[in-house]
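Next comes coords_21.cif, a file with mmCIF, C-alpha atoms and all ligand atoms.
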data_final
#
loop_
_atom_site.label_atom_id
_atom_site.label_comp_id
_atom_site.auth_asym_id
_atom_site.auth_seq_id
_atom_site.Cartn_x
_atom_site.Cartn_y
_atom_site.Cartn_z
CA MET A 11 34.98 -48.00 -64.16
CA LYS A 12 38.62 -48.78 -63.44
CA GLY A 13 40.23 -50.71 -60.60
CA LYS A 14 43.70 -50.27 -59.13
CA VAL A 15 45.62 -53.54 -59.25
CA ALA A 16 49.13 -53.98 -57.88
CA GLU A 17 49.96 -57.42 -59.25
CA LEU A 18 48.63 -60.22 -61.46
CA PHE A 19 50.28 -63.62 -61.30
CA GLU A 20 49.73 -67.34 -61.20
CA SER A 21 51.06 -69.33 -58.26
CA ILE A 22 49.99 -71.69 -55.52
CA GLN A 23 47.99 -70.58 -52.52
CA GLY A 24 50.46 -70.10 -49.69
CA GLU A 25 48.18 -69.73 -46.68
CA GLY A 26 45.30 -71.38 -44.90
CA LEU A 27 43.18 -74.39 -45.71
CA TYR A 28 43.72 -74.19 -49.49
CA PHE A 29 47.51 -74.25 -49.20
CA GLY A 30 49.03 -75.72 -52.39
CA GLU A 31 46.10 -75.06 -54.74
CA LYS A 32 47.08 -73.49 -58.03
CA GLN A 33 45.35 -70.14 -58.40
CA PHE A 34 45.42 -66.95 -60.40
CA PHE A 35 46.06 -63.98 -58.09
CA VAL A 36 44.68 -60.48 -58.45
CA ARG A 37 46.37 -58.29 -55.84
CA PHE A 38 44.32 -55.17 -55.23
CA PHE A 39 46.11 -51.95 -54.42
CA GLY A 40 45.48 -50.21 -51.10
CA CYS A 41 44.54 -51.25 -47.59
CA ASN A 42 42.51 -49.66 -44.79
CA LEU A 43 44.77 -51.12 -42.08
CA SER A 44 48.46 -50.98 -41.19
CA CYS A 45 49.35 -54.19 -39.39
CA LYS A 46 52.73 -54.29 -37.68
CA PHE A 47 53.63 -57.56 -39.43
CA CYS A 48 52.47 -56.52 -42.93
CA ASP A 49 54.73 -57.69 -45.75
CA THR A 50 52.61 -56.37 -48.64
CA LYS A 51 53.11 -52.63 -48.44
CA LEU A 52 52.48 -51.80 -52.09
CA ASN A 53 53.39 -48.51 -53.69
CA TYR A 54 52.47 -49.05 -57.32
CA PHE A 55 49.39 -50.05 -59.31
CA LYS A 56 48.02 -50.32 -62.81
CA GLU A 57 44.43 -49.47 -63.69
CA TYR A 58 42.16 -51.93 -65.49
CA GLU A 59 38.58 -51.98 -66.72
CA PRO A 60 36.82 -55.16 -65.44
CA GLY A 61 36.57 -56.60 -68.97
CA GLU A 62 40.23 -55.91 -69.61
CA LEU A 63 41.27 -57.70 -66.41
CA PHE A 64 38.95 -60.61 -67.18
CA SER A 65 40.58 -61.05 -70.63
CA ILE A 66 43.99 -61.35 -68.95
CA ILE A 67 42.67 -63.95 -66.50
CA LYS A 68 41.05 -65.91 -69.34
CA GLN A 69 44.16 -65.81 -71.52
CA SER A 70 46.28 -66.96 -68.57
CA ARG A 71 43.96 -69.89 -67.80
CA ASP A 72 46.23 -72.85 -67.45
CA GLY A 73 45.28 -75.53 -64.97
CA PHE A 74 43.73 -73.29 -62.31
CA ARG A 75 40.06 -73.30 -61.37
CA SER A 76 40.17 -70.61 -58.76
CA VAL A 77 40.98 -66.89 -58.70
CA SER A 78 42.28 -65.36 -55.48
CA PHE A 79 41.25 -61.74 -54.99
CA THR A 80 43.76 -60.49 -52.47
CA GLY A 81 45.47 -57.30 -51.40
CA GLY A 82 45.84 -54.96 -49.74
CA GLU A 83 42.10 -55.14 -49.14
CA PRO A 84 39.99 -56.00 -52.21
CA LEU A 85 36.73 -54.81 -50.60
CA LEU A 86 37.98 -51.22 -50.64
CA GLN A 87 37.22 -51.33 -54.39
CA LYS A 88 33.89 -53.13 -54.02
CA ASP A 89 32.26 -51.81 -57.21
CA PHE A 90 35.15 -52.87 -59.42
CA LEU A 91 35.47 -56.13 -57.49
CA LYS A 92 31.79 -56.91 -58.03
CA GLU A 93 32.09 -56.48 -61.80
CA ILE A 94 35.11 -58.73 -62.12
CA LEU A 95 33.55 -61.35 -59.79
CA LYS A 96 30.48 -61.52 -62.05
CA LEU A 97 32.70 -62.19 -65.07
CA THR A 98 34.85 -64.88 -63.45
CA LYS A 99 31.80 -66.60 -61.95
CA ALA A 100 30.13 -66.75 -65.37
CA GLU A 101 33.33 -68.47 -66.58
CA ASN A 102 32.85 -71.16 -63.85
CA LEU A 103 35.92 -70.05 -61.94
CA HIS A 104 35.86 -70.22 -58.13
CA ASN A 105 36.03 -66.78 -56.57
CA TYR A 106 38.28 -66.87 -53.50
CA LEU A 107 38.35 -63.68 -51.44
CA GLU A 108 41.22 -62.93 -49.05
CA THR A 109 40.15 -60.16 -46.73
CA ASN A 110 40.98 -58.49 -43.44
CA GLY A 111 37.34 -58.88 -42.39
CA THR A 112 36.70 -55.26 -41.41
CA LEU A 113 34.37 -54.00 -44.17
CA PRO A 114 31.04 -55.78 -43.64
CA GLU A 115 28.95 -53.33 -45.70
CA ALA A 116 31.19 -53.88 -48.74
CA LEU A 117 31.07 -57.67 -48.27
CA GLU A 118 27.26 -57.54 -48.29
CA GLU A 119 27.38 -56.05 -51.79
CA VAL A 120 29.56 -58.78 -53.31
CA ILE A 121 28.79 -61.90 -51.24
CA ASP A 122 26.50 -63.42 -53.89
CA TYR A 123 29.43 -63.75 -56.30
CA ILE A 124 31.96 -65.26 -53.89
CA ASP A 125 32.58 -68.98 -53.32
CA ILE A 126 35.22 -69.06 -50.57
CA ILE A 127 36.24 -66.44 -48.00
CA ALA A 128 39.59 -66.53 -46.21
CA MET A 129 38.98 -64.01 -43.44
CA ASP A 130 41.62 -62.55 -41.15
CA LEU A 131 40.90 -61.90 -37.50
CA LYS A 132 43.03 -58.96 -36.44
CA LEU A 133 44.06 -59.21 -32.81
CA PRO A 134 45.07 -55.80 -31.41
CA SER A 135 48.08 -57.19 -29.56
CA SER A 136 49.37 -58.79 -32.81
CA THR A 137 48.64 -55.94 -35.23
CA GLY A 138 49.52 -52.98 -33.01
CA MET A 139 46.19 -51.36 -33.90
CA GLY A 140 42.84 -50.97 -32.15
CA ASN A 141 40.27 -53.75 -32.01
CA PHE A 142 37.82 -54.77 -34.74
CA TRP A 143 35.58 -57.16 -32.73
CA GLU A 144 32.31 -55.50 -33.68
CA LYS A 145 33.20 -55.24 -37.38
CA HIS A 146 34.57 -58.79 -37.42
CA ALA A 147 31.32 -60.10 -35.87
CA ARG A 148 29.15 -58.39 -38.48
CA PHE A 149 31.51 -59.49 -41.26
CA LEU A 150 31.49 -63.09 -40.09
CA ASN A 151 27.72 -63.22 -39.93
CA ILE A 152 27.55 -62.23 -43.60
CA ALA A 153 30.52 -64.39 -44.66
CA SER A 154 28.92 -67.46 -43.06
CA ARG A 155 26.45 -67.62 -45.96
CA LYS A 156 29.36 -69.02 -47.98
CA GLU A 157 32.34 -71.29 -47.33
CA VAL A 158 34.58 -69.42 -44.92
CA PHE A 159 37.60 -70.09 -42.76
CA LEU A 160 39.58 -67.80 -40.45
CA LYS A 161 43.24 -66.91 -40.13
CA THR A 162 44.99 -65.00 -37.41
CA VAL A 163 48.65 -64.07 -36.98
CA ILE A 164 50.19 -64.92 -33.62
CA SER A 165 53.29 -63.08 -32.48
CA MET A 166 55.24 -62.98 -29.21
CA GLY A 167 53.19 -59.95 -28.22
CA THR A 168 49.79 -61.65 -28.71
CA LYS A 169 47.90 -61.51 -25.43
CA ASP A 170 45.81 -64.23 -23.80
CA SER A 171 43.04 -61.66 -23.37
CA ASP A 172 42.79 -61.24 -27.18
CA LEU A 173 42.62 -64.99 -27.59
CA LYS A 174 39.75 -65.12 -25.11
CA GLU A 175 37.94 -62.30 -26.90
CA MET A 176 38.38 -64.10 -30.22
CA ILE A 177 36.96 -67.33 -28.77
CA LYS A 178 33.97 -65.35 -27.47
CA LEU A 179 33.44 -63.86 -30.92
CA LEU A 180 33.54 -67.26 -32.64
CA LYS A 181 31.17 -68.83 -30.14
CA SER A 182 28.63 -66.07 -30.65
CA THR A 183 28.85 -66.09 -34.47
CA ASN A 184 29.96 -69.34 -36.10
CA PRO A 185 31.67 -71.86 -33.75
CA ALA A 186 31.75 -74.49 -36.53
CA LEU A 187 34.46 -72.66 -38.45
CA THR A 188 38.10 -73.67 -38.69
CA LEU A 189 40.64 -71.19 -37.37
CA VAL A 190 44.16 -71.22 -38.78
CA LEU A 191 46.89 -69.88 -36.49
CA GLN A 192 49.81 -68.34 -38.40
CA PRO A 193 53.12 -67.71 -36.62
CA ASP A 194 54.43 -64.22 -37.31
CA TYR A 195 57.00 -64.99 -40.01
CA PHE A 196 59.38 -62.30 -38.78
CA GLN A 197 59.54 -63.81 -35.28
CA SER A 198 59.66 -67.53 -36.10
CA ASP A 199 61.59 -69.31 -33.35
CA ILE A 200 61.10 -71.96 -30.71
CA ALA A 201 59.58 -69.54 -28.16
CA LEU A 202 56.89 -68.52 -30.64
CA THR A 203 56.22 -72.16 -31.51
CA LYS A 204 55.59 -72.92 -27.83
CA ARG A 205 53.33 -69.89 -27.49
CA ILE A 206 51.27 -70.77 -30.54
CA GLU A 207 50.89 -74.38 -29.37
CA LYS A 208 49.59 -73.08 -26.04
CA PHE A 209 47.03 -70.94 -27.89
CA ARG A 210 46.02 -73.87 -30.09
CA ASP A 211 45.31 -75.94 -26.97
CA MET A 212 43.30 -73.09 -25.39
CA ILE A 213 41.13 -72.85 -28.50
CA THR A 214 40.72 -76.61 -28.94
CA GLN A 215 39.51 -76.89 -25.33
CA GLU A 216 36.66 -74.61 -26.34
CA ASN A 217 35.62 -77.07 -29.09
CA ILE A 218 36.72 -74.83 -31.94
CA ALA A 219 38.59 -76.54 -34.78
CA THR A 220 42.03 -75.02 -35.10
CA CYS A 221 45.36 -75.78 -36.75
CA ILE A 222 48.79 -74.18 -37.12
CA ILE A 223 49.80 -73.42 -40.72
CA PRO A 224 52.73 -71.05 -41.37
CA GLN A 225 52.74 -68.68 -44.34
CA MET A 226 54.13 -71.34 -46.64
CA HIS A 227 54.81 -69.20 -49.71
CA LYS A 228 57.56 -67.44 -47.75
CA ILE A 229 59.08 -70.74 -46.72
CA ILE A 230 59.02 -72.35 -50.17
CA GLY A 231 59.87 -69.13 -52.02
CA ALA A 232 56.63 -68.86 -54.05
CA PRO A 233 55.43 -65.33 -55.00
S1 LIG B 1 45.32 -56.10 -43.64
FE1 LIG B 1 46.86 -57.29 -44.77
S2 LIG B 1 47.56 -55.92 -46.40
FE2 LIG B 1 46.47 -54.65 -44.90
S3 LIG B 1 48.08 -53.89 -43.54
FE3 LIG B 1 47.26 -55.76 -42.60
S4 LIG B 1 48.58 -57.42 -43.36
FE4 LIG B 1 48.95 -55.64 -44.67
#
Could you show the structure in this file as structure tokens?
Ligand code: SF4
Amino acid sequence: MKGKVAELFESIQGEGLYFGEKQFFVRFFGCNLSCKFCDTKLNYFKEYEPGELFSIIKQSRDGFRSVSFTGGEPLLQKDFLKEILKLTKAENLHNYLETNGTLPEALEEVIDYIDIIAMDLKLPSSTGMGNFWEKHARFLNIASRKEVFLKTVISMGTKDSDLKEMIKLLKSTNPALTLVLQPDYFQSDIALTKRIEKFRDMITQENIATCIIPQMHKIIGAP
């Protein structure tokens, strides 16, 4: 079995609650969504057998204890992902999954081998696509068996009604989670800062832990 991988590299985590942690990154090729703000539109890949990819990770091991499986959307290649997760777990590496949170059936198949899930919540008014509330709810119920935190991109077009729907979703699934608000990097200005602070206050009033963390790798120039 071969998997399509767009990039392999070592860097620091640039988003969310693990910002700054040194990790090895496996960027899977392909995504099932097309978010308006996407900056990872990949058009190339290399194919690897799981054992071949694992050898590269092992040989590169240099001060990192965690492997970030990112994309694109890694769960689109769930069978390949599962095989590589088994190998890295047996090596006592932490398996960190970055996912758009829309493929609950695929998550169910690999959840036993994952340590941490960084799950996106895709708000229709931010992404320019339809809504994924039902899929996100099922995904979150499965993800909550492991350590999980949520990220969502806020842009000038993000609607209050989506925020309210997201709060409803969290309350009915796992209200104890931390939600990271990410300003849309392409729109960063004072007006967006004010908007995101307003959203943070709306969420905090509902007793949901939330914080604002920009996509730091873009700011500090990390890959
Ligand atoms: S889910 Fe991520 S990789 Fe896929 S289109 Fe959206 S931002 Fe891009």
Please indicate the distance in Å from atom CA of Ala16 of chain A to atom CA of Leu52 of chain A, rounded to one decimal place.
7.0 Å
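Restricting the calculation to all atoms listed in the file, the smallest distance between Gly40 of chain A and any of A:Asp72, A:Glu144, A:Glu17, A:Glu25 is found for A:Glu17.
Restricting the calculation to only C-alpha atoms, the smallest distance between Thr98 of chain A and any of A:Ser21, A:Thr112, A:Ser76, A:Ser136 is found for A:Ser76.
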Pairwise distance, atom CA of Glu93 of chain A with atom CA of Glu118 of chain A, equals 14.4 Å
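Shortest atom-to-atom contact with ligand LIG 1 (chain B) among A:Lys32, A:Lys12, A:Lys156, A:Arg37: A:Arg37, counting all atoms listed in the file.
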Do you know which residues are at most 9 Å from Glu31 of chain A counting all atoms listed in the file, after dropping those on the same chain fewer than 3 positions away, and could you put them as a JSON list (two decimals) with C-alpha atoms, keeping the file's coordinate frame?
[["chain", "number", "residue", "atom", "x", "y", "z"],
["A", 21, "SER", "CA", 51.06, -69.33, -58.26],
["A", 22, "ILE", "CA", 49.99, -71.69, -55.52],
["A", 23, "GLN", "CA", 47.99, -70.58, -52.52],
["A", 24, "GLY", "CA", 50.46, -70.10, -49.69],
["A", 28, "TYR", "CA", 43.72, -74.19, -49.49],
["A", 74, "PHE", "CA", 43.73, -73.29, -62.31],
["A", 76, "SER", "CA", 40.17, -70.61, -58.76]]
Selection near Lys181 of chain A, 12 Å with all atoms listed in the file, sequence-local residues under 6 positions removed, as a PyMOL selection string:
chain A and resi 147+150-151+174-175+187+213+216-219
